[in-house]
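K.L.:
Dumping the structure here so I can ask a few things about it.
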Amino acid sequence: MKTHIPYPFELRTERLVIRSPREADAPGLRLAIAESIDALRLWMPWAQAVPALEESQANCKKAVTAFKEGRDHRLHLFLKDPLTFIGCSGLHDIDWRVPKVEIGYWVRTSYSGKGYITEAIREITRYAIEELGMNRVEIRMSAGNTKSRAVPERLGFTFEGQLRNDDRHVDGTLRDTCIYARIREVE
């Protein structure tokens with residue numbers, strides 16, 4: 001079992017490059033958020049306004065530092081040909097004691113519904129279990145976010161339950177949180 005994720009980091013699938021953030025990703029990140037702001041602001045507290053380029057640059061710089069220090073492992077998703085920023089995922093809240101991790105994700109609106117997130121999460125889950133030795137991979141989301149819920153369901157994650165009044169929606173109202181998990185078979 002590994003106990004850290006190296007930087008720089010990269011995974012590849014048939015159509016995608018999944019890699020650690022770089023400061024140079026800021027313009028692509030900003031464009032993806034700008035295009036997708038109406039969809040993102042429903043679910044993501046950080047996406048209430050389109051960031052200025054300088055804010056995206058600072059965001060990427062912070063993500064690089066967090067990745068290198070092992071505090072958080074945001075992953076940028078790119079279409080291979082042509083190389084186009086299409087979203088984010090990541091390995092978050094790693095607990096090396098168990099070990100377990102949570103995966104999050106969002107996709108640029110013009111690339112939604114094409115299977116890119118499912119492809120990315122399949123590969124990130126494989127990496128987490130087979131290469132990092134994670135015993136548990138979780139995906140959590142608002143119970144009302146049916147598009148996000150479809151991803152772990154397509155990938156065969158187990159629906160473990162719904163935590164009632166567990167968190168707040170972006171608008172401040174209470175929300176329920178759904179938990180899906182994939183468990184590595186441990187000898």
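Each chain of the structure tokens is named A, B, ... in the order shown, its residues numbered from 1; ligands are numbered from 1 in display order.
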Give me the residues near Arg108 in chain A as a list in words, where near means some atom within 8 Å (using only C-alpha atoms) and where sequence neighbours in that chain fewer than 3 positions away do not count.

P.N.:
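So the residues in contact are Ala32, Ile33, Glu35, Ser36, Ile86, Gly87, Tyr111 and Ser112 of chain A.
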
K.L.:
Just write the chosen residues, N, CA and C atoms, as a CSV table (one decimal), in the first residue's frame.

P.N.:
```csv
chain,number,residue,atom,x,y,z
A,32,ALA,N,-14.3,26.7,-18.0
A,32,ALA,CA,-15.2,25.6,-17.7
A,32,ALA,C,-16.2,26.0,-16.6
A,33,ILE,N,-15.8,26.8,-15.6
A,33,ILE,CA,-16.7,27.3,-14.6
A,33,ILE,C,-17.6,28.3,-15.2
A,35,GLU,N,-18.7,28.6,-18.2
A,35,GLU,CA,-19.7,27.9,-19.1
A,35,GLU,C,-20.8,27.2,-18.2
A,36,SER,N,-20.3,26.6,-17.1
A,36,SER,CA,-21.1,25.7,-16.3
A,36,SER,C,-21.7,26.3,-15.0
A,86,ILE,N,-12.2,19.7,-19.1
A,86,ILE,CA,-13.7,19.4,-19.1
A,86,ILE,C,-14.2,19.3,-17.7
A,87,GLY,N,-13.4,19.3,-16.6
A,87,GLY,CA,-14.0,19.2,-15.3
A,87,GLY,C,-13.0,18.9,-14.3
A,111,TYR,N,-19.9,19.1,-22.0
A,111,TYR,CA,-19.4,17.7,-22.0
A,111,TYR,C,-20.2,16.8,-21.1
A,112,SER,N,-21.3,17.3,-20.6
A,112,SER,CA,-22.2,16.5,-19.7
A,112,SER,C,-23.0,15.5,-20.6
```

K.L.:
Trp43 in chain A: which residues within 10 Å, counting only C-alpha atoms, same-chain residues fewer than 4 positions away excluded, as a PDB file with N, CA and C atoms, in the first residue's frame?

P.N.:
```pdb
ATOM      1  N   ASP A  38     -24.314  28.051 -14.112  1.00  0.00           N
ATOM      2  CA  ASP A  38     -25.724  27.850 -13.750  1.00  0.00           C
ATOM      3  C   ASP A  38     -25.957  26.470 -13.154  1.00  0.00           C
ATOM      4  N   ALA A  39     -25.321  25.448 -13.682  1.00  0.00           N
ATOM      5  CA  ALA A  39     -25.462  24.091 -13.143  1.00  0.00           C
ATOM      6  C   ALA A  39     -24.677  23.935 -11.839  1.00  0.00           C
ATOM      7  N   ALA A  47     -19.076  27.852  -6.209  1.00  0.00           N
ATOM      8  CA  ALA A  47     -19.396  28.269  -7.583  1.00  0.00           C
ATOM      9  C   ALA A  47     -20.602  29.200  -7.623  1.00  0.00           C
ATOM     10  N   GLN A  48     -20.548  30.270  -6.885  1.00  0.00           N
ATOM     11  CA  GLN A  48     -21.670  31.201  -6.868  1.00  0.00           C
ATOM     12  C   GLN A  48     -21.483  32.365  -7.831  1.00  0.00           C
ATOM     13  N   TRP A 106     -17.215  17.151 -10.944  1.00  0.00           N
ATOM     14  CA  TRP A 106     -18.135  17.986 -11.717  1.00  0.00           C
ATOM     15  C   TRP A 106     -17.622  18.019 -13.153  1.00  0.00           C
ATOM     16  N   MET A 141     -23.218  12.890  -2.110  1.00  0.00           N
ATOM     17  CA  MET A 141     -23.846  14.017  -2.794  1.00  0.00           C
ATOM     18  C   MET A 141     -25.214  14.295  -2.204  1.00  0.00           C
ATOM     19  N   SER A 142     -25.742  15.456  -2.535  1.00  0.00           N
ATOM     20  CA  SER A 142     -27.092  15.811  -2.131  1.00  0.00           C
ATOM     21  C   SER A 142     -28.068  14.794  -2.718  1.00  0.00           C
ATOM     22  N   GLY A 144     -30.879  15.227  -3.799  1.00  0.00           N
ATOM     23  CA  GLY A 144     -31.575  15.779  -4.950  1.00  0.00           C
ATOM     24  C   GLY A 144     -30.753  15.855  -6.221  1.00  0.00           C
ATOM     25  N   ASN A 145     -29.480  15.566  -6.138  1.00  0.00           N
ATOM     26  CA  ASN A 145     -28.610  15.679  -7.303  1.00  0.00           C
ATOM     27  C   ASN A 145     -28.628  14.362  -8.090  1.00  0.00           C
ATOM     28  N   HIS A 169     -27.858  22.981   1.829  1.00  0.00           N
ATOM     29  CA  HIS A 169     -27.772  23.328   0.410  1.00  0.00           C
ATOM     30  C   HIS A 169     -27.078  24.675   0.304  1.00  0.00           C
ATOM     31  N   VAL A 170     -26.712  25.026  -0.887  1.00  0.00           N
ATOM     32  CA  VAL A 170     -26.100  26.323  -1.148  1.00  0.00           C
ATOM     33  C   VAL A 170     -26.994  27.451  -0.652  1.00  0.00           C
ATOM     34  N   ASP A 171     -28.316  27.274  -0.760  1.00  0.00           N
ATOM     35  CA  ASP A 171     -29.251  28.326  -0.338  1.00  0.00           C
ATOM     36  C   ASP A 171     -29.498  28.347   1.169  1.00  0.00           C
TER      37      ASP A 171
END
```

K.L.:
Near Phe67 in chain A, counting only C-alpha atoms, which residues have an atom at most 8 Å away, once you skip same-chain residues fewer than 5 positions from it, shown as a list in words?

P.N.:
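So the residues in contact are Tyr7, Ser20, Asp72, His73 and Arg74 of chain A.
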
K.L.:
Show which residues sit within 10 Å of Glu54 in chain A, as a ChimeraX atom specification. Count only C-alpha atoms, and ignore same-chain residues fewer than 5 positions away.

P.N.:
/A:26-27,30,59-60

K.L.:
Leaving out Met134 in chain A and any residue of its chain fewer than 6 positions from it, which residues lie within 8 Å of it when counting only C-alpha atoms, given as number ranges by chain?

P.N.:
A: 98-101, 128, 184

K.L.:
For the residues in the current selection, export C-alpha atoms as an mmCIF file, in the first residue's frame.

P.N.:
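result_35.cif, freshly written:
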```
data_model
loop_
_atom_site.group_PDB
_atom_site.id
_atom_site.type_symbol
_atom_site.label_atom_id
_atom_site.label_comp_id
_atom_site.auth_asym_id
_atom_site.auth_seq_id
_atom_site.Cartn_x
_atom_site.Cartn_y
_atom_site.Cartn_z
ATOM 1 C CA VAL A 98 -8.333 2.589 7.296
ATOM 2 C CA PRO A 99 -7.414 3.397 4.394
ATOM 3 C CA LYS A 100 -10.365 5.148 2.757
ATOM 4 C CA VAL A 101 -11.026 8.096 0.448
ATOM 5 C CA ALA A 128 -7.554 4.136 -5.373
ATOM 6 C CA ARG A 184 -12.063 -3.661 -1.615
#
```
